[in-house]
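Enquirer: Pasting query_34.txt here (compact mmCIF, C-alpha atoms):
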```txt
# COMPACT_ATOMS: atom_id res chain seq x y z
CA MET K 158 0.00 0.00 0.00
CA MET K 159 1.32 3.40 -0.98
CA ARG K 160 1.09 6.17 1.57
CA ILE K 161 0.43 9.68 0.35
CA SER K 162 1.02 12.53 2.69
CA SER K 163 -0.66 15.93 2.58
CA GLN K 164 2.68 17.47 1.62
CA GLN K 165 2.94 15.19 -1.40
CA VAL K 166 -0.54 16.14 -2.48
CA PHE K 167 0.25 19.82 -2.23
CA SER K 168 3.66 19.48 -3.96
CA SER K 169 2.27 17.39 -6.78
CA GLY K 170 -0.57 19.79 -7.37
CA ILE K 171 1.62 22.84 -7.32
CA ASN K 172 4.14 21.25 -9.71
CA ARG K 173 1.37 20.36 -12.12
CA LEU K 174 -0.05 23.85 -11.96
CA GLN K 175 3.39 25.30 -12.63
CA GLU K 176 3.87 23.03 -15.64
CA LEU K 177 0.50 24.02 -17.05
CA ASN K 178 1.18 27.68 -16.39
CA THR K 179 4.60 27.45 -18.08
CA SER K 180 3.06 25.85 -21.16
CA LEU K 181 0.39 28.53 -21.24
CA ASN K 182 2.97 31.29 -20.91
CA ASN K 183 5.07 29.76 -23.70
CA THR K 184 2.07 29.67 -25.99
CA GLN K 185 1.22 33.26 -25.11
CA GLN K 186 4.82 34.28 -25.90
CA GLN K 187 4.68 32.49 -29.24
CA ILE K 188 1.47 34.31 -30.17
CA SER K 189 2.80 37.68 -29.07
CA THR K 190 6.13 37.28 -30.94
CA GLY K 191 4.76 35.36 -33.89
CA LYS K 192 7.61 32.87 -33.49
CA ARG K 193 7.36 29.21 -32.66
CA VAL K 194 11.01 29.06 -31.54
CA ASN K 195 11.91 31.84 -29.13
CA GLN K 196 14.73 30.03 -27.40
CA PRO K 197 16.79 26.91 -28.20
CA SER K 198 14.90 24.79 -25.67
CA ASP K 199 11.67 25.30 -27.65
CA ASP K 200 13.05 23.14 -30.49
CA PRO K 201 16.82 22.44 -30.39
CA VAL K 202 16.99 21.00 -33.92
CA ALA K 203 15.01 23.86 -35.46
CA ALA K 204 17.02 26.39 -33.43
CA ALA K 205 20.29 25.03 -34.87
CA ARG K 206 18.95 25.23 -38.43
CA ILE K 207 17.59 28.73 -37.84
CA LEU K 208 21.05 29.84 -36.64
CA LYS K 209 22.63 28.59 -39.88
CA LEU K 210 19.92 30.25 -41.93
CA ASP K 211 20.50 33.53 -40.07
CA GLN K 212 24.19 33.29 -40.95
CA GLU K 213 23.29 32.67 -44.59
CA LEU K 214 20.98 35.69 -44.62
CA ALA K 215 23.73 37.86 -43.08
CA ARG K 216 26.13 36.65 -45.78
CA VAL K 217 23.63 37.47 -48.52
CA GLU K 218 22.96 40.92 -47.05
CA THR K 219 26.69 41.68 -47.01
CA TYR K 220 27.06 40.70 -50.65
CA GLN K 221 23.95 42.68 -51.56
CA ARG K 222 25.59 45.78 -50.08
CA ASN K 223 28.70 45.03 -52.14
CA VAL K 224 26.52 44.62 -55.24
CA ASP K 225 24.95 48.03 -54.62
CA LEU K 226 28.40 49.59 -54.18
CA ALA K 227 29.73 47.96 -57.34
CA ASP K 228 26.68 49.01 -59.32
CA ASN K 229 26.98 52.63 -58.17
CA ARG K 230 30.70 52.81 -58.97
CA LEU K 231 30.28 51.27 -62.41
CA LYS K 232 27.34 53.51 -63.28
CA GLN K 233 29.30 56.58 -62.20
CA GLU K 234 32.27 55.54 -64.32
CA GLU K 235 30.01 54.79 -67.29
CA SER K 236 28.43 58.23 -66.98
CA ALA K 237 31.86 59.90 -66.84
CA LEU K 238 33.03 58.01 -69.92
CA ALA K 239 29.86 58.95 -71.81
CA SER K 240 30.50 62.61 -70.99
CA SER K 241 34.11 62.20 -72.18
CA VAL K 242 32.92 60.86 -75.52
CA ASP K 243 30.63 63.89 -75.91
CA VAL K 244 33.50 66.28 -75.19
CA LEU K 245 35.85 64.48 -77.58
CA GLN K 246 33.20 64.56 -80.29
CA ARG K 247 32.95 68.33 -79.95
CA ILE K 248 36.76 68.60 -80.03
CA ARG K 249 36.80 66.51 -83.20
CA GLU K 250 34.22 68.80 -84.80
CA LEU K 251 36.39 71.79 -83.97
CA THR K 252 39.43 69.99 -85.41
CA VAL K 253 37.62 69.32 -88.67
CA GLN K 254 36.59 72.97 -88.73
CA ALA K 255 40.21 74.01 -88.14
CA GLY K 256 41.24 72.04 -91.23
CA SER K 257 39.33 74.39 -93.49
CA GLY K 258 41.63 76.41 -95.73
CA ALA K 259 39.24 79.37 -95.58
CA LEU K 260 40.01 80.14 -91.94
CA SER K 261 42.01 83.19 -90.98
CA ALA K 262 44.63 83.29 -88.24
CA ASN K 263 42.06 84.85 -85.90
CA ASP K 264 39.58 82.11 -86.72
CA ARG K 265 42.18 79.51 -85.73
CA LEU K 266 42.84 81.37 -82.50
CA SER K 267 39.11 81.33 -81.70
CA ILE K 268 39.00 77.58 -82.25
CA ALA K 269 42.08 77.15 -80.07
CA SER K 270 40.35 79.14 -77.32
CA GLU K 271 37.32 76.83 -77.33
CA LEU K 272 39.58 73.78 -77.50
CA ASP K 273 41.30 75.02 -74.34
CA GLU K 274 37.91 75.25 -72.60
CA ARG K 275 37.00 71.74 -73.77
CA LEU K 276 40.36 70.47 -72.53
CA GLY K 277 39.59 71.77 -69.05
CA GLN K 278 36.13 70.19 -69.24
CA LEU K 279 37.67 66.83 -70.15
CA ALA K 280 40.11 67.14 -67.25
CA ASN K 281 37.24 67.77 -64.83
CA ILE K 282 35.49 64.64 -66.07
CA ALA K 283 38.68 62.59 -65.73
CA ASN K 284 38.96 63.89 -62.14
CA THR K 285 35.49 62.65 -61.19
CA ARG K 286 35.12 61.62 -57.53
CA ASP K 287 32.78 59.12 -55.94
CA ALA K 288 30.47 59.61 -52.94
CA SER K 289 33.36 59.05 -50.52
CA GLY K 290 35.46 61.74 -52.20
CA GLU K 291 37.92 59.40 -53.96
CA TYR K 292 38.99 59.94 -57.56
CA ILE K 293 37.53 57.06 -59.55
CA PHE K 294 40.24 57.03 -62.25
CA SER K 295 43.29 57.15 -59.93
CA GLY K 296 43.64 53.40 -59.46
CA PHE K 297 44.61 52.57 -55.89
CA GLN K 298 45.58 56.23 -55.24
CA GLY K 299 41.99 57.34 -54.66
CA SER K 300 43.03 60.35 -52.60
CA THR K 301 45.32 61.66 -55.36
CA ARG K 302 43.90 63.97 -58.02
CA THR K 303 43.95 61.95 -61.23
CA PHE K 304 45.15 64.58 -63.71
CA GLN K 305 47.10 67.65 -62.68
CA GLN K 306 48.77 70.47 -64.57
CA ASP K 307 52.52 70.96 -64.32
CA ALA K 308 54.37 74.28 -64.37
CA SER K 309 54.05 74.48 -68.16
CA GLY K 310 50.28 73.92 -68.01
CA SER K 311 50.38 70.39 -69.44
CA TRP K 312 48.05 67.80 -67.96
CA GLY K 313 49.77 64.73 -66.50
CA TYR K 314 48.51 61.52 -64.90
CA HIS K 315 49.23 61.19 -61.16
CA GLY K 316 47.42 57.99 -60.23
CA ASP K 317 48.72 54.44 -60.54
CA GLU K 318 47.78 51.49 -62.74
CA GLY K 319 45.77 49.65 -60.08
CA GLN K 320 42.28 48.30 -60.57
CA ARG K 321 40.00 47.80 -57.60
CA VAL K 322 37.89 44.66 -57.36
CA LEU K 323 35.03 43.76 -55.06
CA GLU K 324 33.67 40.36 -54.08
CA ILE K 325 29.94 40.25 -54.78
CA ASP K 326 29.37 36.55 -54.01
CA ASP K 327 31.40 33.57 -52.86
CA GLY K 328 34.26 33.33 -55.35
CA VAL K 329 32.75 36.01 -57.60
CA THR K 330 34.64 39.30 -57.97
CA VAL K 331 34.10 42.25 -60.27
CA ALA K 332 36.37 45.16 -61.16
CA ILE K 333 34.78 48.39 -59.91
CA SER K 334 37.35 50.88 -61.22
CA ASP K 335 39.67 51.58 -64.15
CA ASN K 336 42.79 53.69 -64.02
CA GLY K 337 42.92 56.80 -66.15
CA LYS K 338 46.28 55.86 -67.62
CA GLY K 339 44.76 53.00 -69.56
CA ILE K 340 41.80 55.09 -70.72
CA PHE K 341 43.20 58.55 -71.42
CA VAL K 342 47.00 58.15 -71.66
CA ASN K 343 48.05 54.83 -73.22
CA VAL K 344 46.02 55.32 -76.39
CA PRO K 345 47.37 54.17 -79.79
CA ALA K 346 48.76 57.14 -81.68
CA ALA K 347 48.79 57.90 -85.37
CA VAL K 348 51.89 56.97 -87.37
CA THR K 349 54.12 60.03 -87.61
CA GLY K 350 57.38 61.02 -89.25
CA GLU K 351 60.44 62.69 -87.73
CA SER K 352 63.29 64.44 -89.50
CA SER K 353 66.90 64.24 -88.32
CA PRO K 354 68.41 67.60 -87.35
CA LEU K 355 71.43 66.65 -89.48
CA ASN K 356 69.40 66.54 -92.68
CA THR K 357 69.65 69.00 -95.54
CA SER K 358 68.44 72.38 -94.36
CA GLY K 359 64.75 72.77 -95.08
CA ALA K 360 64.20 69.06 -95.78
CA PHE K 361 61.23 67.48 -94.03
CA ILE K 362 58.89 64.50 -94.08
CA SER K 363 55.12 64.96 -94.19
CA GLY K 364 51.84 63.32 -95.20
CA VAL K 365 52.55 60.22 -93.11
CA THR K 366 49.49 57.96 -93.03
CA LEU K 367 48.80 54.29 -92.52
CA ALA K 368 47.48 53.33 -95.95
CA SER K 369 47.23 49.56 -95.34
CA GLN K 370 47.13 47.87 -91.94
CA ALA K 371 47.38 44.49 -93.68
CA ASP K 372 50.62 45.43 -95.45
CA LEU K 373 52.12 46.68 -92.20
CA GLN K 374 51.30 43.39 -90.45
CA ALA K 375 52.63 41.41 -93.42
CA ALA K 376 55.93 43.31 -93.29
CA TYR K 377 56.34 42.26 -89.66
CA ALA K 378 54.95 38.73 -89.93
CA GLY K 379 55.33 37.05 -86.55
CA GLY K 380 56.88 40.18 -85.03
CA PHE K 381 55.90 43.42 -83.39
CA PRO K 382 55.84 46.48 -85.70
CA ASP K 383 58.49 48.98 -84.66
CA ASP K 384 59.94 52.25 -85.94
CA ILE K 385 61.14 52.35 -89.54
CA SER K 386 64.29 54.24 -90.49
CA ILE K 387 64.18 56.00 -93.89
CA GLN K 388 67.32 57.21 -95.68
CA VAL K 389 67.62 59.16 -98.90
CA GLU K 390 70.92 57.83 -100.25
CA GLU K 391 73.54 59.69 -102.23
CA ASP K 392 72.30 58.13 -105.47
CA GLY K 393 68.68 59.12 -104.77
CA ASP K 394 67.44 55.72 -103.65
CA ILE K 395 65.10 55.47 -100.64
CA VAL K 396 66.25 52.78 -98.23
CA ALA K 397 63.95 51.62 -95.42
CA THR K 398 65.08 49.41 -92.52
CA ASP K 399 63.32 48.12 -89.44
CA SER K 400 64.67 48.18 -85.89
CA GLN K 401 66.46 44.85 -86.49
CA GLY K 402 68.28 46.15 -89.54
CA GLY K 403 66.13 44.28 -92.05
CA ASN K 404 65.38 46.02 -95.35
CA LEU K 405 61.79 46.84 -96.29
CA ALA K 406 60.52 47.31 -99.82
CA VAL K 407 59.87 50.92 -100.90
CA THR K 408 57.50 51.88 -103.74
CA PRO K 409 58.71 53.71 -105.77
CA PRO K 410 62.32 53.13 -104.67
CA ASN K 411 63.67 56.36 -106.17
CA TYR K 412 63.32 59.62 -104.28
CA GLN K 413 61.52 62.54 -105.82
CA SER K 414 60.96 65.67 -103.76
CA GLY K 415 57.32 66.16 -102.82
CA GLU K 416 56.23 62.81 -104.28
CA PRO K 417 54.70 60.18 -101.97
CA PHE K 418 56.17 56.72 -101.50
CA VAL K 419 54.93 53.65 -99.61
CA VAL K 420 56.80 51.34 -97.26
CA ALA K 421 55.14 48.54 -95.22
CA GLY K 422 51.71 49.99 -95.92
CA ILE K 423 52.72 53.47 -94.74
CA GLU K 424 52.57 56.39 -97.15
CA ALA K 425 54.85 59.40 -96.68
CA THR K 426 56.32 62.31 -98.58
CA ILE K 427 59.84 63.75 -98.29
CA THR K 428 60.50 67.27 -99.48
CA GLY K 429 63.76 69.20 -99.80
CA SER K 430 66.36 66.43 -99.58
CA LEU K 431 69.31 66.87 -101.96
CA PRO K 432 70.93 63.54 -102.88
CA ALA K 433 74.64 64.15 -103.39
CA ALA K 434 77.97 62.63 -102.57
CA GLY K 435 78.51 62.60 -98.82
CA ASN K 436 74.93 63.65 -98.10
CA VAL K 437 72.47 61.12 -96.63
CA ASP K 438 69.25 62.44 -95.10
CA THR K 439 67.59 60.31 -92.40
CA TYR K 440 63.95 60.17 -91.27
CA THR K 441 62.02 57.99 -88.85
CA LEU K 442 58.50 56.61 -89.12
CA LYS K 443 57.16 56.26 -85.57
CA ILE K 444 54.92 53.20 -85.28
CA ASN K 445 52.93 51.81 -82.36
CA GLU K 446 53.45 54.92 -80.28
CA LYS K 447 51.12 55.84 -77.43
CA GLN K 448 49.43 59.18 -76.99
CA SER K 449 47.73 60.99 -74.15
CA VAL K 450 44.48 62.49 -75.36
CA PHE K 451 45.36 65.53 -73.25
CA GLY K 452 48.72 65.81 -75.03
CA THR K 453 46.99 65.48 -78.41
CA ILE K 454 44.65 68.37 -77.63
CA GLU K 455 47.47 70.47 -76.18
CA ASN K 456 49.57 69.93 -79.33
CA LEU K 457 46.57 70.83 -81.46
CA ILE K 458 46.01 74.07 -79.55
CA ALA K 459 49.72 74.95 -79.75
CA GLY K 460 49.75 74.27 -83.50
CA LEU K 461 46.67 76.40 -84.14
CA GLU K 462 48.30 79.26 -82.27
CA SER K 463 51.83 79.03 -83.66
CA ILE K 464 52.15 77.26 -87.03
CA ASP K 465 52.86 79.65 -89.91
CA LYS K 466 50.90 78.47 -92.95
CA THR K 467 52.57 80.92 -95.32
CA THR K 468 55.46 78.51 -96.04
CA ALA K 469 55.34 75.12 -97.72
CA ARG K 470 56.81 73.44 -94.67
CA GLY K 471 54.38 75.25 -92.39
CA MET K 472 51.43 74.24 -94.55
CA ALA K 473 52.57 70.60 -94.55
CA ALA K 474 53.08 70.68 -90.77
CA TYR K 475 49.61 72.15 -90.29
CA ASP K 476 47.98 69.54 -92.50
CA ASP K 477 49.81 66.78 -90.62
CA LEU K 478 48.71 68.33 -87.31
CA ILE K 479 45.05 68.20 -88.32
CA ALA K 480 45.29 64.69 -89.78
CA ASN K 481 47.20 63.26 -86.82
CA SER K 482 44.91 64.98 -84.33
CA LEU K 483 41.82 63.52 -85.99
CA SER K 484 43.38 60.05 -86.01
CA ASN K 485 44.39 60.34 -82.36
CA LEU K 486 40.98 61.65 -81.31
CA ASP K 487 39.31 58.75 -83.14
CA SER K 488 41.60 56.32 -81.31
CA ALA K 489 40.79 58.00 -77.98
CA GLN K 490 37.06 57.74 -78.63
CA GLU K 491 37.44 54.11 -79.65
CA SER K 492 39.40 53.40 -76.48
CA ILE K 493 36.64 54.90 -74.35
CA VAL K 494 33.88 53.11 -76.25
CA LEU K 495 35.69 49.78 -75.77
CA LYS K 496 35.90 50.52 -72.06
CA GLN K 497 32.18 51.34 -72.02
CA THR K 498 31.50 47.96 -73.64
CA GLU K 499 33.61 46.28 -70.97
CA LEU K 500 31.74 48.19 -68.28
CA GLY K 501 28.45 47.02 -69.76
CA GLY K 502 29.58 43.42 -69.34
CA ARG K 503 30.54 44.02 -65.72
CA MET K 504 27.23 45.76 -65.01
CA ASN K 505 25.35 42.80 -66.49
CA ALA K 506 27.34 40.46 -64.25
CA VAL K 507 26.52 42.62 -61.22
CA GLU K 508 22.83 42.67 -62.11
CA SER K 509 22.77 38.89 -62.56
CA THR K 510 24.41 38.46 -59.17
CA ARG K 511 21.90 40.87 -57.64
CA THR K 512 19.03 38.75 -58.98
CA PHE K 513 20.65 35.55 -57.74
CA LEU K 514 21.23 36.99 -54.26
CA ALA K 515 17.64 38.28 -54.09
CA ASP K 516 16.29 34.83 -55.00
CA SER K 517 18.61 33.21 -52.47
CA SER K 518 17.43 35.60 -49.78
CA VAL K 519 13.77 34.87 -50.51
CA TYR K 520 14.36 31.10 -50.51
CA THR K 521 16.34 31.21 -47.27
CA SER K 522 13.75 33.45 -45.59
CA GLU K 523 10.96 31.09 -46.59
CA ILE K 524 12.74 28.11 -45.03
CA ARG K 525 13.48 30.13 -41.91
CA SER K 526 9.86 31.18 -41.70
CA GLN K 527 8.69 27.58 -41.91
CA LEU K 528 10.96 26.66 -39.02
CA GLU K 529 10.43 29.70 -36.83
CA ASP K 530 7.08 31.31 -37.52
CA ILE K 531 3.99 30.20 -35.65
CA ASP K 532 0.71 28.86 -37.01
CA TYR K 533 -1.68 31.30 -35.34
CA ALA K 534 -4.76 29.10 -35.72
CA GLU K 535 -3.02 26.18 -34.05
CA ALA K 536 -1.44 28.37 -31.38
CA ILE K 537 -4.75 30.03 -30.42
CA SER K 538 -6.42 26.61 -30.28
CA ASN K 539 -3.63 25.36 -28.01
CA LEU K 540 -3.95 28.47 -25.85
CA SER K 541 -7.67 27.86 -25.36
CA PHE K 542 -7.12 24.23 -24.50
CA GLN K 543 -4.25 25.01 -22.10
CA SER K 544 -6.35 27.69 -20.39
CA PHE K 545 -9.19 25.18 -19.95
CA VAL K 546 -6.85 22.54 -18.53
CA LEU K 547 -5.23 25.06 -16.20
CA GLN K 548 -8.60 26.23 -14.90
CA ALA K 549 -9.69 22.62 -14.35
CA ALA K 550 -6.46 21.84 -12.53
CA GLN K 551 -6.83 24.90 -10.36
CA GLN K 552 -10.40 23.97 -9.39
CA SER K 553 -9.37 20.38 -8.73
CA PHE K 554 -6.43 21.44 -6.61
CA ALA K 555 -8.63 23.87 -4.68
CA GLN K 556 -11.01 21.03 -3.77
CA VAL K 557 -8.27 18.50 -2.97
CA SER K 558 -6.35 21.00 -0.85
CA GLN K 559 -9.39 21.32 1.48
CA LEU K 560 -9.52 17.58 2.27
CA SER K 561 -8.13 16.46 5.62
CA LEU K 562 -8.23 13.18 7.63
CA PHE K 563 -9.23 15.18 10.65
CA ASP K 564 -12.57 15.82 8.98
CA GLN K 565 -13.30 12.07 9.28
CA ILE K 566 -12.66 11.85 13.03
```
Turn the structure described in the file into structure tokens.
Expert:
Amino acid sequence: MMRISSQQVFSSGINRLQELNTSLNNTQQQISTGKRVNQPSDDPVAAARILKLDQELARVETYQRNVDLADNRLKQEESALASSVDVLQRIRELTVQAGSGALSANDRLSIASELDERLGQLANIANTRDASGEYIFSGFQGSTRTFQQDASGSWGYHGDEGQRVLEIDDGVTVAISDNGKGIFVNVPAAVTGESSPLNTSGAFISGVTLASQADLQAAYAGGFPDDISIQVEEDGDIVATDSQGGNLAVTPPNYQSGEPFVVAGIEATITGSLPAAGNVDTYTLKINEKQSVFGTIENLIAGLESIDKTTARGMAAYDDLIANSLSNLDSAQESIVLKQTELGGRMNAVESTRTFLADSSVYTSEIRSQLEDIDYAEAISNLSFQSFVLQAAQQSFAQVSQLSLFDQI
């Protein structure tokens, strides 16, 4: 026979009431918070999974912030490059206008004045800064002004050649900057000619143009095109050699003052050389040179202001200035357009990653919700049932607590 004391009755009843009250309070907390799991003890397995899902959501949120940053930087750079193209187009129009033979010296000075204004405008665009105040075209030297003028007034690049990248997902990085040296400075330049200072007085080379890219590549099959040395020999022959000393075919091979000739697809004209015993004039065709678009515009302005077109040499120099400037400006625009195309690819990659991260966030949130969020209908039903049970237990305990063996004596 089992003996039950009054203390046991009271302890058992109180413990049961506490259990029922705890369950009721837990259900009330779930309803008030909307969460089924408020602490690990509510569901240890679900709590562990929720913790991992929270970490995944935090990871996604971090990458989404990086995606926003990358998108903003790329859009700002794209806008700056678009503005640069507009400025260069206006400069090209002015250059074409400057090539008109009907212009007076004052007209050329007026064009040079506007070109100077456009040059400053281009410099301001190249010195664009982001929201944090860093220069977007300075590479890793974000605090350094990208292009600055030296004592002579020439614009020079002061950044480095770094390119910043940002991770926008696990193992996925995207370049968010481009240095101004690659965009505005290291631009392919037009083929030009140089005269040796030891040449016949008044002799010069002009009209240098790349007539056939295919012929130039064929002349350097398997090699890298380099400068070509041109000599007008004593007997009047034109001899062309590359940087390795190899001879290149010249058409026509005999020199005639003011008449064009072609070597390796490059057309040029030599004027004023006087073939004679002991006299060899030397010229150089500069190939694969690089130009700064700022330097091109500065040279154009200087030429418009200083070249005397009243002499044959001055006229030839002026024509070469216009032709070379147009070629260099076209190369600069092409360089920027190619960079815009590259930026478009990066922006597409960023947008694709943004979509992927958004989908991942939604999927992860849905799983988390299934584990954590409460079913209100079920919870309210449980609350009603637990309240009923608690009330019944309280009434039962109240009746049992009044019983005593002394009442039977």
Enquirer: So how far away is atom CA of K:Val329 from atom CA of K:Glu234, in Å?
Expert: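 Answer for the atom CA of K:Glu234 to atom CA of K:Val329 separation: 20.7 Å.
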Enquirer: Between K:Thr441, K:Gln490, K:Val342, K:Pro354, which is the closest to K:Ile387 once you count only C-alpha atoms?
Expert: K:Thr441
Enquirer: What's around stretch 211-222 of chain K at 7 Å? Count all atoms listed in the file, leave out sequence neighbours fewer than 6 positions away in its own chain, and write the answer as a list in words.
Expert: Ile325, Asp326, Arg511, Leu514, Ser518 and Thr521 of chain K
Enquirer: Hey, can you check how far atom CA of K:Ile395 sits from atom CA of K:Lys466?
Expert: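 Interatomic distance here is 28.1 Å.
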Enquirer: Nearest residue to K:Val494 out of K:Leu208, K:Leu238, K:Leu323, K:Leu226, using all atoms listed in the file?
Expert: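 Between K:Leu208, K:Leu238, K:Leu323, K:Leu226, the residue approaching K:Val494 most closely is K:Leu238.
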Enquirer: For the atom pair atom CA of K:Gly393 and atom CA of K:Ala425, what is the interatomic distance in Å to one decimal place?
Expert: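 Pair atom CA of K:Gly393 / atom CA of K:Ala425 returns 16.0 Å.
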Enquirer: Would you mind listing what lies within 7 Å of K:Ala360 as number ranges by chain, with all atoms listed in the file counted and same-chain residues fewer than 6 positions away left out?
Expert: K: 428-430
Enquirer: Which is closer to K:Ala227 than all the others in K:Glu491, K:Asp476, K:Glu462, K:Glu508, using all atoms listed in the file?
Expert: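 Among K:Glu491, K:Asp476, K:Glu462, K:Glu508, it is K:Glu508 that comes nearest to K:Ala227.
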Enquirer: Considering only C-alpha atoms, give me a table of residues in stretch 254-332 of chain K that are at most 10 Å from stretch 452-459 of chain K, with the closest atom pair and distance in Å for each, as a tab-separated table.
Expert:
```
residue	atom	partner	partner_atom	distance
K:Ala255	CA	K:Leu457	CA	9.8
K:Arg265	CA	K:Ile458	CA	9.1
K:Leu266	CA	K:Ile458	CA	8.5
K:Ile268	CA	K:Ile458	CA	8.3
K:Ala269	CA	K:Ile458	CA	5.0
K:Ser270	CA	K:Ile458	CA	7.9
K:Glu271	CA	K:Ile458	CA	9.4
K:Leu272	CA	K:Ile458	CA	6.8
K:Asp273	CA	K:Ile458	CA	7.1
K:Arg275	CA	K:Ile454	CA	9.2
K:Leu276	CA	K:Ile454	CA	7.0
K:Gly310	CA	K:Glu455	CA	9.3
K:Ser311	CA	K:Glu455	CA	7.3
K:Trp312	CA	K:Gly452	CA	7.4
K:Gly313	CA	K:Gly452	CA	8.7
```
Enquirer: Which residue, K:Ala473, K:Leu367, K:Val244, K:Val389, has the smallest gap to K:Val419 when you use all atoms listed in the file?
Expert: K:Leu367
Enquirer: Write out as a list in words the residues lying within 7 Å of stretch 398-401 of chain K, counting only C-alpha atoms and excluding same-chain residues fewer than 6 positions away.
Expert: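 What passes the distance filter is Asp383, Asp384, Ile385, Ser386 and Ile387 of chain K.
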Enquirer: Using C-alpha atoms, can you export the residues from the last selection as a PDB file, in the coordinates of the input?
Expert:
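Final file, result-v3.pdb:
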```pdb
ATOM      1  CA  ASP K 383      58.490  48.980 -84.660  1.00  0.00           C
ATOM      2  CA  ASP K 384      59.940  52.250 -85.940  1.00  0.00           C
ATOM      3  CA  ILE K 385      61.140  52.350 -89.540  1.00  0.00           C
ATOM      4  CA  SER K 386      64.290  54.240 -90.490  1.00  0.00           C
ATOM      5  CA  ILE K 387      64.180  56.000 -93.890  1.00  0.00           C
TER       6      ILE K 387
END
```
Enquirer: Using all atoms listed in the file, can you tell me which of K:Glu416, K:Glu446, K:Glu235, K:Glu499 comes closest to K:Thr285?
Expert: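 Answer, going by the shortest atom-to-atom distance: K:Glu235.
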Enquirer: In the coordinates of the file, take the point (58.9, 68.9, -103.1) and a cut-off of 12 Å; then, counting all atoms listed in the file, name each qualifying protein, DNA or RNA residue as a PyMOL selection string.
Expert: chain K and resi 359-364+412-417+426-431+469-470+473
Enquirer: Have a look at K:Leu245, K:Ile333, K:Ala433, K:Leu483 and name the one nearest to K:Asp225; count all atoms listed in the file.
Expert: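 Going through K:Leu245, K:Ile333, K:Ala433, K:Leu483 one by one, the smallest distance to K:Asp225 is for K:Ile333.
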Enquirer: If we count only C-alpha atoms, what is near K:Ser257 at a cut-off of 12 Å, once residues fewer than 3 positions away on the same chain are taken out, given as a ChimeraX atom specification?
Expert: /K:250-254,260-262,264-265,268,475-476,479-480
Enquirer: Write out as a list of chain:residue names each polymer residue whose atoms come within 8 Å of K:Asn284, counting all atoms listed in the file; drop sequence neighbours fewer than 2 positions from it.
Expert: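 Once the adjacent positions are removed, what remains is K:Ala280, K:Asn281, K:Ile282, K:Arg286, K:Tyr292, K:Ile293, K:Phe294, K:Arg302, K:Thr303, K:Phe304.
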Enquirer: For the residues in the current selection, export C-alpha atoms as a PDB file, in the coordinates of the input.
Expert:
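What ended up in selection.pdb:
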```
ATOM      1  CA  ALA K 280      40.110  67.140 -67.250  1.00  0.00           C
ATOM      2  CA  ASN K 281      37.240  67.770 -64.830  1.00  0.00           C
ATOM      3  CA  ILE K 282      35.490  64.640 -66.070  1.00  0.00           C
ATOM      4  CA  ARG K 286      35.120  61.620 -57.530  1.00  0.00           C
ATOM      5  CA  TYR K 292      38.990  59.940 -57.560  1.00  0.00           C
ATOM      6  CA  ILE K 293      37.530  57.060 -59.550  1.00  0.00           C
ATOM      7  CA  PHE K 294      40.240  57.030 -62.250  1.00  0.00           C
ATOM      8  CA  ARG K 302      43.900  63.970 -58.020  1.00  0.00           C
ATOM      9  CA  THR K 303      43.950  61.950 -61.230  1.00  0.00           C
ATOM     10  CA  PHE K 304      45.150  64.580 -63.710  1.00  0.00           C
TER      11      PHE K 304
END
```
Enquirer: Restore N, CA, C and O atoms in stretch 337-343 of chain K and list the result as a tab-separated table (two decimals), in the coordinates of the input.
Expert:
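Saved file rebuild.tsv follows:
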```tsv
chain	number	residue	atom	x	y	z
K	337	GLY	N	42.96	55.85	-65.06
K	337	GLY	CA	42.92	56.80	-66.15
K	337	GLY	C	44.06	56.67	-67.13
K	337	GLY	O	43.95	57.11	-68.28
K	338	LYS	N	45.14	56.02	-66.71
K	338	LYS	CA	46.28	55.86	-67.62
K	338	LYS	C	45.90	54.98	-68.80
K	338	LYS	O	46.24	55.26	-69.95
K	339	GLY	N	45.16	53.91	-68.50
K	339	GLY	CA	44.76	53.00	-69.56
K	339	GLY	C	43.69	53.58	-70.46
K	339	GLY	O	43.55	53.17	-71.62
K	340	ILE	N	42.91	54.52	-69.94
K	340	ILE	CA	41.80	55.09	-70.72
K	340	ILE	C	42.21	56.34	-71.49
K	340	ILE	O	41.90	56.48	-72.68
K	341	PHE	N	42.93	57.25	-70.82
K	341	PHE	CA	43.20	58.55	-71.42
K	341	PHE	C	44.66	58.75	-71.86
K	341	PHE	O	44.93	59.69	-72.62
K	342	VAL	N	45.57	57.91	-71.40
K	342	VAL	CA	47.00	58.15	-71.66
K	342	VAL	C	47.59	57.15	-72.64
K	342	VAL	O	48.17	57.52	-73.66
K	343	ASN	N	47.46	55.86	-72.35
K	343	ASN	CA	48.05	54.83	-73.22
K	343	ASN	C	47.11	54.50	-74.37
K	343	ASN	O	46.60	53.38	-74.48
```
